[in-house]
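Colleague: Attaching a single structure in structure tokens format; questions to follow.
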Amino acid sequence: KGLNDYAKKAGLLYFGTAADIPSSGENTDVAYQRILNNTHEFGQVTPANAMKWDATEPQQGDFTFGAAEQFLGFPTSNHQLVRCHNLVWHSQLPSWVTSGTWTNATLQAVLKSHITTLVQHFGTRCYAWDVLNEALNDNGTLRQDVWLNTIGPAYIPLVFQFAEEALKGVKGGRRIKFYYNDYGIENPGPKSAAALELVKGVKDRGIKIDGVGLQSHFIVGGTPSRETQVQNLQSFTAAGFDVALTELDVRFSNVSDLSVGGGLEQQSQDYENSVAACVDVKRCVGVTVWDFDDKYSWIPGTFPGQGFGDIWWANLTMKPAYDGVVAALTER
Ligand code: G3I
């Protein structure tokens with residue numbers, strides 16, 4: 001038995017992980033792939049990079065799906081659900097987008113073309129799409145990026161509308177779940193409140209939006225309590241949205257001293273709290289960890305000196321945190 005087996009028994013739809021396939025290390029690492037492709041552990045996968053804008057439309061109108069197809073070659077052979085990630089974001093945009101000279105109309109056309117092409121290309125191979133990623137600042141205001149600066153706040157409902165319109169070309173497409181995905185919205189506060197307003201704003205216009213993805217990138221000892229996370233998740237489900245923990249990890253702030261923050265036992269407890277919070281909330285559909293292993297973790301590259309945030313060590317043995325996840329999934 002593994003995490004996905006326990007998750008389903010606990011009433012979730014899946015337990016999943018992100019993976020950076022294709023990437024030189026992961027592609028040839030048989031021991032890594034054996035865990036990734038084990039559907040007892042993972043019933044869902046998210047491409048860490050393969051579907052992002054820089055990978056799929058590196059030049060305007062020149063769509064390249066090689067990386068994404070290689071990624072999908074893994075899970076589809078294994079019947080793992082795919083959370084497709086992502087259609088619109090401020091980051092990992094090719095320079096033709098960020099340094100183009102756009103008008104409101106021409107940039108809308110760029111969005112429409114990208115969204116339509118990806119939604120129709122991948123179709124129902126996507127269980128869900130992160131349609132919009134990280135559009136908010138920590139204080140709840142909208143992030144100043146090329147989308148906001150050129151189109152204004154109207155770009156937000158517009159991208160969901162383009163995604164919905166694209167479904168006309170996808171047989172059975174209405175079942176694909178559309179998400180808004182962000183970090184720092186796991187606690188009640190200005191950003192979480194703004195995320196709720198954002199998704200309500202889309203829904204109130206009658207545009208398809210199904211859920212809110214709470215990324216859940218935490219630091220050992222700094223994780224919101226189970227009760228806090230439950231209360232926060234319920235603020236979204238009460239408004240009619242599904243929720244999912246989409247990028248869970250709990251990193252150490254100092255890799256040379258794991259006692260800072262409370263050590264491996266605290267990390268395990270932190271994982272347990274988050275997964276248990278999802279189990280506690282009826283419309284929390286599943287939990288995805290952002291890399292299951294320290295070997296290929298994104299964390300040290302982004303936060304130098306920090307890391308060990310995953311539930312498997314770099315040598316692909318399990319950490320106490322793995323048992324914390326199991327505890328959360330098997331407590332009832
Ligand atoms: O593809 C290039 C390669 O050509 C080059 O040789 C190499 C050298 O640095 O870089 C490669 O690109 C890297 C890319 O990952 C693919 O491996 C980028 O430098 C690196 O910055 C990028 O990091 C990704 C990060 O998003 C970028 O924002 C991580 O792998 C990915 O896990 C991470 O995922 C994000 C989610 O999408 C959104 N939420 C936060 C999460 C963690 O940051």
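So you can find residues: chains in the structure tokens are A, B, ... in the order shown, residues in each start at 1, and ligands are numbered from 1 in order.
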Can you list every residue of chain A that has an atom at most 9 Å from ligand 1, with its nearest atom pair and the distance in Å to one decimal, using only C-alpha atoms and all ligand atoms, ordered by chain then number, as a Markdown table?
Modeller:
```
| residue | atom | partner | partner_atom_place_in_ligand_line | distance |
| --- | --- | --- | --- | --- |
| A:Ala18 | CA | ligand 1 | 32 (O) | 7.7 |
| A:Ala19 | CA | ligand 1 | 32 (O) | 7.9 |
| A:Asp20 | CA | ligand 1 | 30 (O) | 6.7 |
| A:Ser23 | CA | ligand 1 | 17 (O) | 6.7 |
| A:Pro47 | CA | ligand 1 | 32 (O) | 8.5 |
| A:Ala48 | CA | ligand 1 | 32 (O) | 4.8 |
| A:Asn49 | CA | ligand 1 | 16 (C) | 5.9 |
| A:Ala50 | CA | ligand 1 | 16 (C) | 8.3 |
| A:Lys52 | CA | ligand 1 | 37 (O) | 7.9 |
| A:Asp54 | CA | ligand 1 | 1 (O) | 8.8 |
| A:Ala55 | CA | ligand 1 | 1 (O) | 8.2 |
| A:His85 | CA | ligand 1 | 37 (O) | 7.1 |
| A:Asn86 | CA | ligand 1 | 37 (O) | 7.5 |
| A:Trp89 | CA | ligand 1 | 38 (C) | 8.7 |
| A:Ser91 | CA | ligand 1 | 28 (O) | 6.1 |
| A:Gln92 | CA | ligand 1 | 28 (O) | 6.3 |
| A:Asn133 | CA | ligand 1 | 38 (C) | 7.1 |
| A:Glu134 | CA | ligand 1 | 38 (C) | 7.6 |
| A:Asn181 | CA | ligand 1 | 39 (N) | 8.3 |
| A:Asp182 | CA | ligand 1 | 39 (N) | 7.1 |
| A:Tyr183 | CA | ligand 1 | 39 (N) | 7.1 |
| A:Gln215 | CA | ligand 1 | 39 (N) | 6.7 |
| A:His217 | CA | ligand 1 | 40 (C) | 7.8 |
| A:Thr246 | CA | ligand 1 | 39 (N) | 8.9 |
| A:Glu247 | CA | ligand 1 | 39 (N) | 7.0 |
| A:Trp290 | CA | ligand 1 | 32 (O) | 7.0 |
| A:Asp291 | CA | ligand 1 | 32 (O) | 7.6 |
| A:Tyr296 | CA | ligand 1 | 30 (O) | 8.8 |
| A:Ser297 | CA | ligand 1 | 32 (O) | 7.3 |
| A:Trp298 | CA | ligand 1 | 32 (O) | 4.9 |
| A:Ile299 | CA | ligand 1 | 43 (O) | 7.3 |
| A:Gly301 | CA | ligand 1 | 21 (O) | 7.3 |
| A:Thr302 | CA | ligand 1 | 43 (O) | 6.9 |
```
Colleague: List the neighbours of region 230-243 of chain A out to 10 Å using only C-alpha atoms; skip same-chain residues closer than 5 positions along the sequence, and give me the result as number ranges by chain.
Modeller: A: 177-181, 185-189, 192-193, 195-197, 199-200, 203, 209-214, 224-225, 273-274, 276-287
Colleague: Skip Ala67 (chain A) itself and residues of its chain fewer than 3 positions away, then list as a list in words all residues within 7 Å of it, counting only C-alpha atoms.
Modeller: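 Selected residues are Pro22, Ala50, Gln70 and Phe71 of chain A.
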Colleague: Go ahead and save the residues from that selection, with C-alpha atoms, as a tab-separated table (two decimals), in the first residue's frame.
Modeller:
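File again-v8.tsv, as written:
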```tsv
chain	number	residue	atom	x	y	z
A	22	PRO	CA	11.66	15.45	-19.27
A	50	ALA	CA	6.82	20.87	-19.39
A	70	GLN	CA	7.13	13.04	-23.02
A	71	PHE	CA	5.74	13.89	-19.59
```
Colleague: I need the residues of region 108-207 of chain A that end up classed as alpha helix (DSSP H) by DSSP on the backbone, written out as a PyMOL selection string.
Modeller: chain A and resi 108-122+146-151+155-166+190-204
Colleague: Using CA of Ser268 (chain A) and CA of Lys191 (chain A) as the two end points, give the distance in Å to one decimal.
Modeller: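 Those two atoms sit 26.4 Å apart.
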Colleague: Could you give me, as a list in words, the residues within 6 Å of region 114-123 of chain A, counting only C-alpha atoms and dropping anything in the same chain fewer than 3 positions from it?
Modeller: Leu111, Ala163, Ala166 and Val170 of chain A
Colleague: Applying 12 Å and only C-alpha atoms, which residues near region 30-33 of chain A remain after dropping the ones on its own chain fewer than 2 positions away? List them as JSON, numbers by chain.
Modeller: {"A": [19, 20, 21, 22, 25, 26, 27, 28, 35, 36, 37, 38, 39, 41, 42, 71, 74, 75, 78, 291, 292, 293, 294, 295, 296, 312, 313, 314, 315, 316, 317]}
Colleague: Between A:Thr330, A:Ser253, A:Gln229, A:Thr150, which is the closest to Val110 (chain A) once you count only C-alpha atoms?
Modeller: A:Thr150
Colleague: What's around Tyr271 (chain A) at 12 Å? Count only C-alpha atoms, leave out sequence neighbours fewer than 4 positions away in its own chain, and write the answer as a PyMOL selection string.
Modeller: chain A and resi 216-226+245+247-251+264-267+275-278+287-289+309-311+319-329
Colleague: Since we have the selection now, will you write its residues out, keeping C-alpha atoms, as a PDB file, in the first residue's frame?
Modeller:
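Resulting contents of part.pdb:
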```pdb
ATOM      1  CA  SER A 216       1.275  25.142   0.368  1.00  0.00           C
ATOM      2  CA  HIS A 217       5.026  25.791   0.208  1.00  0.00           C
ATOM      3  CA  PHE A 218       5.835  25.827   3.910  1.00  0.00           C
ATOM      4  CA  ILE A 219       8.835  26.114   6.233  1.00  0.00           C
ATOM      5  CA  VAL A 220       9.409  23.615   9.062  1.00  0.00           C
ATOM      6  CA  GLY A 221       7.799  24.956  12.232  1.00  0.00           C
ATOM      7  CA  GLY A 222       6.112  27.785  10.332  1.00  0.00           C
ATOM      8  CA  THR A 223       3.157  25.871   8.979  1.00  0.00           C
ATOM      9  CA  PRO A 224      -0.365  27.016   9.842  1.00  0.00           C
ATOM     10  CA  SER A 225      -2.139  24.681  12.239  1.00  0.00           C
ATOM     11  CA  ARG A 226      -4.561  22.052  11.043  1.00  0.00           C
ATOM     12  CA  LEU A 245      -3.283  21.345  -1.964  1.00  0.00           C
ATOM     13  CA  GLU A 247       2.353  22.046  -4.364  1.00  0.00           C
ATOM     14  CA  LEU A 248       2.885  20.926  -0.782  1.00  0.00           C
ATOM     15  CA  ASP A 249       6.404  20.912   0.625  1.00  0.00           C
ATOM     16  CA  VAL A 250       7.898  21.816   4.003  1.00  0.00           C
ATOM     17  CA  ARG A 251      11.487  22.982   3.734  1.00  0.00           C
ATOM     18  CA  LEU A 264      12.463  15.971  11.199  1.00  0.00           C
ATOM     19  CA  GLU A 265       9.714  15.256  13.721  1.00  0.00           C
ATOM     20  CA  GLN A 266       8.322  18.755  13.323  1.00  0.00           C
ATOM     21  CA  GLN A 267       8.517  18.425   9.540  1.00  0.00           C
ATOM     22  CA  VAL A 275      -2.802  16.556   4.701  1.00  0.00           C
ATOM     23  CA  ALA A 276      -5.203  16.081   7.625  1.00  0.00           C
ATOM     24  CA  ALA A 277      -6.719  19.501   6.952  1.00  0.00           C
ATOM     25  CA  CYS A 278      -7.492  18.419   3.397  1.00  0.00           C
ATOM     26  CA  VAL A 287      -2.941  16.656  -2.164  1.00  0.00           C
ATOM     27  CA  THR A 288       0.032  17.057  -4.502  1.00  0.00           C
ATOM     28  CA  VAL A 289       3.608  17.347  -3.236  1.00  0.00           C
ATOM     29  CA  GLY A 309      11.608  19.831   2.060  1.00  0.00           C
ATOM     30  CA  ASP A 310      10.315  16.583   0.601  1.00  0.00           C
ATOM     31  CA  ILE A 311       9.077  13.268   1.946  1.00  0.00           C
ATOM     32  CA  LYS A 319      11.684  10.416   5.716  1.00  0.00           C
ATOM     33  CA  PRO A 320       9.623  10.605   8.920  1.00  0.00           C
ATOM     34  CA  ALA A 321       7.498  13.060   6.929  1.00  0.00           C
ATOM     35  CA  TYR A 322       6.271  10.150   4.809  1.00  0.00           C
ATOM     36  CA  ASP A 323       4.866   8.590   7.981  1.00  0.00           C
ATOM     37  CA  GLY A 324       3.288  11.919   8.888  1.00  0.00           C
ATOM     38  CA  VAL A 325       1.366  11.846   5.622  1.00  0.00           C
ATOM     39  CA  VAL A 326       0.316   8.242   6.226  1.00  0.00           C
ATOM     40  CA  ALA A 327      -0.847   9.156   9.740  1.00  0.00           C
ATOM     41  CA  ALA A 328      -3.050  11.933   8.378  1.00  0.00           C
ATOM     42  CA  LEU A 329      -4.562   9.624   5.772  1.00  0.00           C
TER      43      LEU A 329
END
```
